[in-house]
>>> print(open('my_file08.txt').read())   # compact mmCIF, C-alpha atoms
# COMPACT_ATOMS: atom_id res chain seq x y z
CA MET M 1 81.82 99.03 95.69
CA THR M 2 78.15 99.68 94.95
CA ASN M 3 75.05 98.33 96.64
CA MET M 4 76.56 98.23 100.10
CA TYR M 5 74.56 98.23 103.29
CA ASP M 6 74.70 100.06 106.60
CA VAL M 7 73.71 98.28 109.80
CA ILE M 8 71.80 99.78 112.71
CA ILE M 9 72.40 98.13 116.08
CA PRO M 10 69.99 99.28 118.82
CA ALA M 11 71.96 99.05 122.06
CA ALA M 12 69.94 101.24 124.40
CA GLY M 13 67.95 98.52 126.16
CA MET M 14 68.22 97.73 129.86
CA GLY M 15 68.20 93.93 129.62
CA LYS M 16 66.44 93.47 132.97
CA ARG M 17 65.99 89.70 132.49
CA MET M 18 69.77 89.28 132.56
CA GLN M 19 69.73 90.29 136.25
CA ALA M 20 73.10 92.00 135.83
CA ASP M 21 74.30 95.26 137.39
CA GLN M 22 75.10 96.70 133.97
CA ASN M 23 73.79 96.71 130.40
CA LYS M 24 74.02 93.08 129.27
CA ILE M 25 75.81 94.01 126.04
CA LEU M 26 78.79 95.10 128.16
CA LEU M 27 79.13 91.63 129.72
CA ARG M 28 82.20 89.79 128.48
CA ILE M 29 82.53 86.43 126.75
CA ASN M 30 86.07 85.26 125.96
CA ASN M 31 87.59 88.67 126.74
CA LYS M 32 85.24 90.59 124.45
CA SER M 33 81.97 92.28 125.33
CA ILE M 34 78.82 90.88 123.79
CA LEU M 35 78.54 94.07 121.76
CA GLU M 36 82.08 93.70 120.37
CA HIS M 37 81.32 90.17 119.19
CA THR M 38 78.23 91.55 117.45
CA VAL M 39 80.03 94.50 115.85
CA LEU M 40 82.91 92.30 114.67
CA ALA M 41 80.62 90.31 112.35
CA PHE M 42 79.77 93.47 110.43
CA GLN M 43 83.26 94.95 110.65
CA GLU M 44 84.53 91.87 108.79
CA ASP M 45 81.74 91.82 106.15
CA GLU M 46 83.02 93.42 102.95
CA HIS M 47 79.47 94.43 101.94
CA CYS M 48 78.91 96.49 105.10
CA ARG M 49 79.72 100.19 104.64
CA ALA M 50 79.05 101.55 108.13
CA ILE M 51 77.85 100.54 111.60
CA HIS M 52 75.47 102.82 113.53
CA LEU M 53 74.36 102.39 117.12
CA ALA M 54 71.68 103.78 119.39
CA ALA M 55 72.82 103.86 123.02
CA GLN M 56 71.75 105.01 126.44
CA ARG M 57 72.83 108.61 126.94
CA ASP M 58 75.19 107.78 129.82
CA GLU M 59 76.80 104.92 127.86
CA ILE M 60 77.61 106.72 124.60
CA GLU M 61 81.11 107.62 125.74
CA ILE M 62 81.70 104.10 127.07
CA LEU M 63 80.75 102.60 123.70
CA GLN M 64 82.86 105.12 121.80
CA LYS M 65 85.93 104.06 123.77
CA MET M 66 85.11 100.36 123.58
CA LEU M 67 84.64 100.44 119.81
CA LYS M 68 87.39 102.90 118.86
CA ASP M 69 89.35 100.24 116.95
CA TYR M 70 86.40 99.28 114.73
CA SER M 71 86.80 101.47 111.66
CA LYS M 72 83.24 101.10 110.38
CA ILE M 73 81.66 102.63 113.48
CA SER M 74 79.89 105.79 112.36
CA ILE M 75 76.95 107.19 114.32
CA ILE M 76 76.41 106.50 118.02
CA THR M 77 73.27 108.39 118.92
CA GLU M 78 70.95 108.47 121.89
CA GLY M 79 68.26 105.83 121.87
CA GLY M 80 64.59 106.24 122.65
CA SER M 81 62.23 104.75 125.23
CA GLU M 82 61.43 101.87 122.84
CA ARG M 83 63.62 99.92 120.43
CA GLN M 84 61.56 101.25 117.52
CA TYR M 85 62.23 104.85 118.52
CA SER M 86 65.97 104.15 118.83
CA ILE M 87 66.14 102.77 115.30
CA TYR M 88 64.08 105.67 113.95
CA ASN M 89 66.51 108.12 115.59
CA VAL M 90 69.41 106.49 113.75
CA LEU M 91 67.54 106.28 110.45
CA LYS M 92 66.91 110.01 110.54
CA ALA M 93 70.51 110.79 111.50
CA MET M 94 72.39 108.60 109.01
CA GLU M 95 73.28 109.35 105.41
CA PRO M 96 71.08 107.59 102.83
CA CYS M 97 72.44 104.29 101.56
CA ASP M 98 71.35 101.38 99.37
CA TYR M 99 70.26 98.94 102.07
CA VAL M 100 69.86 98.91 105.83
CA PHE M 101 70.33 95.89 108.08
CA VAL M 102 68.97 96.05 111.63
CA HIS M 103 70.52 93.68 114.15
CA ASP M 104 70.12 93.04 117.87
CA ALA M 105 73.13 94.13 119.92
CA ALA M 106 72.76 91.01 122.06
CA ARG M 107 72.80 88.58 119.12
CA PRO M 108 76.57 88.12 118.71
CA PHE M 109 76.78 84.90 116.70
CA VAL M 110 75.38 85.80 113.28
CA THR M 111 77.45 84.04 110.62
CA CYS M 112 79.02 85.30 107.41
CA GLU M 113 76.77 82.84 105.57
CA THR M 114 73.59 84.40 106.97
CA LEU M 115 74.83 87.92 106.20
CA HIS M 116 75.62 86.87 102.63
CA LYS M 117 72.17 85.28 102.18
CA LEU M 118 70.49 88.45 103.41
CA TYR M 119 72.68 90.71 101.27
CA THR M 120 71.95 88.65 98.14
CA SER M 121 68.22 88.44 98.80
CA VAL M 122 67.61 92.07 99.78
CA GLN M 123 68.88 93.24 96.39
CA ILE M 124 66.13 91.19 94.75
CA ASN M 125 63.29 91.35 97.28
CA LYS M 126 63.91 94.70 99.06
CA SER M 127 62.79 93.23 102.37
CA VAL M 128 64.16 90.03 103.92
CA ILE M 129 64.61 88.72 107.45
CA ALA M 130 66.59 85.90 109.06
CA ALA M 131 64.59 83.02 110.53
CA VAL M 132 64.75 79.38 111.58
CA LYS M 133 62.09 76.70 111.47
CA VAL M 134 60.18 76.12 114.70
CA LYS M 135 61.20 72.84 116.35
CA ASP M 136 58.41 72.47 118.89
CA THR M 137 54.69 72.06 118.51
CA ILE M 138 53.01 75.44 119.00
CA LYS M 139 49.51 75.79 120.45
CA ARG M 140 47.36 78.88 120.69
CA VAL M 141 45.96 79.22 124.20
CA ALA M 142 43.25 81.37 125.78
CA ASN M 143 42.45 81.30 129.52
CA ASN M 144 44.84 78.36 129.98
CA GLU M 145 42.88 76.31 127.46
CA VAL M 146 44.24 75.13 124.11
CA VAL M 147 42.31 76.78 121.30
CA GLU M 148 44.28 75.56 118.31
CA THR M 149 47.34 73.53 117.37
CA LEU M 150 49.19 75.48 114.69
CA LYS M 151 50.79 73.85 111.66
CA ARG M 152 54.46 73.63 112.55
CA ASP M 153 55.65 73.55 108.93
CA GLU M 154 54.18 77.04 108.46
CA LEU M 155 55.88 78.55 111.54
CA TRP M 156 59.26 80.26 111.66
CA GLN M 157 61.14 81.79 114.57
CA ILE M 158 62.24 85.25 113.53
CA GLN M 159 65.73 86.55 114.26
CA THR M 160 67.87 89.44 113.17
CA PRO M 161 69.48 90.74 111.03
CA GLN M 162 66.52 92.07 109.12
CA ALA M 163 67.48 93.69 105.82
CA PHE M 164 65.62 96.33 103.81
CA ASP M 165 65.88 98.75 100.95
CA TYR M 166 66.78 102.00 102.72
CA GLN M 167 63.86 104.07 101.36
CA LEU M 168 61.37 101.27 102.03
CA LEU M 169 62.41 101.03 105.67
CA LEU M 170 62.34 104.81 106.10
CA ASN M 171 58.85 104.95 104.57
CA ALA M 172 57.68 102.20 106.93
CA TYR M 173 59.04 104.06 109.94
CA ASP M 174 57.53 107.36 108.80
CA LYS M 175 54.12 105.70 108.42
CA ALA M 176 54.40 103.99 111.82
CA ASP M 177 55.28 107.34 113.38
CA ALA M 178 52.33 109.07 111.69
CA ASP M 179 49.95 106.26 112.71
CA HIS M 180 51.35 105.94 116.27
CA PHE M 181 51.93 102.26 115.51
CA LEU M 182 54.37 100.34 117.71
CA GLY M 183 55.55 97.08 116.15
CA THR M 184 57.31 94.05 117.55
CA ASP M 185 60.18 94.23 115.07
CA ASP M 186 61.20 96.13 111.93
CA ALA M 187 59.48 93.62 109.68
CA SER M 188 56.14 94.27 111.40
CA LEU M 189 56.41 97.89 110.28
CA VAL M 190 57.39 97.00 106.72
CA GLU M 191 54.64 94.36 106.49
CA ARG M 192 52.11 97.21 106.64
CA ILE M 193 53.31 98.55 103.27
CA SER M 194 55.19 95.73 101.53
CA ALA M 195 55.84 91.99 101.35
CA VAL M 196 58.58 90.58 103.60
CA HIS M 197 60.66 87.53 102.65
CA ILE M 198 62.80 85.22 104.77
CA VAL M 199 66.13 83.48 104.49
CA GLU M 200 67.00 80.51 106.68
CA SER M 201 69.52 81.29 109.38
CA ASP M 202 70.88 78.90 112.04
CA TYR M 203 70.04 78.03 115.64
CA ASP M 204 73.34 79.40 116.98
CA ASN M 205 72.14 82.93 116.16
CA ILE M 206 70.74 83.30 119.67
CA LYS M 207 69.78 86.47 121.46
CA ILE M 208 71.41 86.65 124.88
CA THR M 209 68.56 87.51 127.22
CA THR M 210 68.85 85.56 130.49
CA PRO M 211 71.80 84.39 132.64
CA GLU M 212 71.39 80.87 131.24
CA ASP M 213 72.10 82.20 127.74
CA MET M 214 75.67 83.04 128.79
CA PHE M 215 76.37 79.31 129.13
CA PHE M 216 74.99 78.70 125.63
CA ALA M 217 77.15 81.58 124.35
CA GLU M 218 80.30 80.07 125.78
CA ALA M 219 79.38 76.70 124.27
CA ILE M 220 78.88 78.26 120.83
CA LEU M 221 82.30 79.92 120.96
CA LYS M 222 83.88 76.65 122.09
CA LYS M 223 82.21 74.81 119.22
CA ARG M 224 83.69 77.39 116.84
CA GLY M 225 87.10 76.93 118.37
CA LEU M 226 87.20 80.46 119.76
>>> encode(input="my_file08.txt", output="structure tokens")
Amino acid sequence: MTNMYDVIIPAAGMGKRMQADQNKILLRINNKSILEHTVLAFQEDEHCRAIHLAAQRDEIEILQKMLKDYSKISIITEGGSERQYSIYNVLKAMEPCDYVFVHDAARPFVTCETLHKLYTSVQINKSVIAAVKVKDTIKRVANNEVVETLKRDELWQIQTPQAFDYQLLLNAYDKADADHFLGTDDASLVERISAVHIVESDYDNIKITTPEDMFFAEAILKKRGL
């Protein structure tokens, strides 16, 4: 099959806001770790060629054992001090491919529909990210004083996966490295050299960050009958 994608999953973060005694991606929901739920979505996607991870040095062996039954697992390399550096490490270590998806390890509920939308769009647009419309009114504030009420219909909450032409993403990372630029996500790096498009995702595609999110995670699985 041509035009397949590889996915990079940065899993080297500490997740301090989870207040757990271990990396939050190792916490279990319905007898699977958060990371396994995340990996499974890509393992089951026929358009995904390989899954690459960046991990903490002392957790590489743990992840290798945990994910030994997932046939698409390829590279598990040591992450960097920032998410951006972890992804760059993997980009430089992996074999070139057609497209690269980047997805948060702690975002385990991405749907097949969202993956298909991204896969279809990236082949046309070369750079596309998952997002949902903002529900709340957003105000810009300075010194605890409202400066501006932003137009809600122009605002989107950005998620992952974010999908890119492989060479475009590598060029964006090379330029960021040369310029000592640290972005907030992969799209912020690509935006410096190319247009970025969006596809609409869904509100269940949450990132598990705080203890409260574990309750939402269990509710999502229950809603899906899992």
>>> residues_around(input="my_file08.txt", residues="stretch 75-83 of chain M", least_positions_apart="5", cutoff="10 Å", atoms="only C-alpha atoms", output="PyMOL selection string")
chain M and resi 8-13+50-61+63-64+88-90+93-95+104+182-186
>>> closest_residue(input="my_file08.txt", among="M:Ser86, M:Ile124, M:Ser188, M:Val7", to="M:Val100", atoms="only C-alpha atoms")
M:Val7
>>> closest_residue(input="my_file08.txt", among="M:Asn171, M:Asn144, M:Gln84, M:Asn205", to="M:Ala131", atoms="all atoms listed in the file")
M:Asn205
>>> closest_residue(input="my_file08.txt", among="M:Leu150, M:Val134, M:Ala172, M:Ala219", to="M:Asp204", atoms="all atoms listed in the file")
M:Ala219
>>> atom_distance(input="my_file08.txt", atom1="atom CA of M:Glu191", atom2="atom CA of M:Leu169")
10.3 Å
>>> closest_residue(input="my_file08.txt", among="M:Tyr5, M:Tyr70, M:Tyr85, M:Trp156", to="M:Tyr173", atoms="all atoms listed in the file")
M:Tyr85
>>> residues_around(input="my_file08.txt", residues="stretch 110-112 of chain M", least_positions_apart="6", cutoff="12 Å", atoms="all atoms listed in the file", output="JSON, numbers by chain")
{"M": [37, 38, 39, 40, 41, 42, 43, 44, 45, 46, 47, 48, 103, 104, 118, 119, 130, 131, 159, 160, 161, 162, 200, 201, 202, 203, 204, 205, 206, 207, 217, 220, 221, 224]}
>>> closest_residue(input="my_file08.txt", among="M:Lys65, M:Arg107, M:Lys222, M:His116", to="M:Ile34", atoms="all atoms listed in the file")
M:Arg107
>>> closest_residue(input="my_file08.txt", among="M:Ser127, M:Gln167, M:Asn3, M:Glu36", to="M:Asp69", atoms="all atoms listed in the file")
M:Glu36
>>> atom_distance(input="my_file08.txt", atom1="atom CA of M:Lys24", atom2="atom CA of M:Tyr166")
28.9 Å
>>> atom_distance(input="my_file08.txt", atom1="atom CA of M:Ala105", atom2="atom CA of M:Asn23")
10.8 Å
>>> axis_aligned_box(input="my_file08.txt", around="stretch 116-133 of chain M", padding_each_side="6 Å", output="JSON")
{"center_x": 68.9, "center_y": 85.7, "center_z": 103.2, "size_x": 25.5, "size_y": 30.0, "size_z": 28.8}
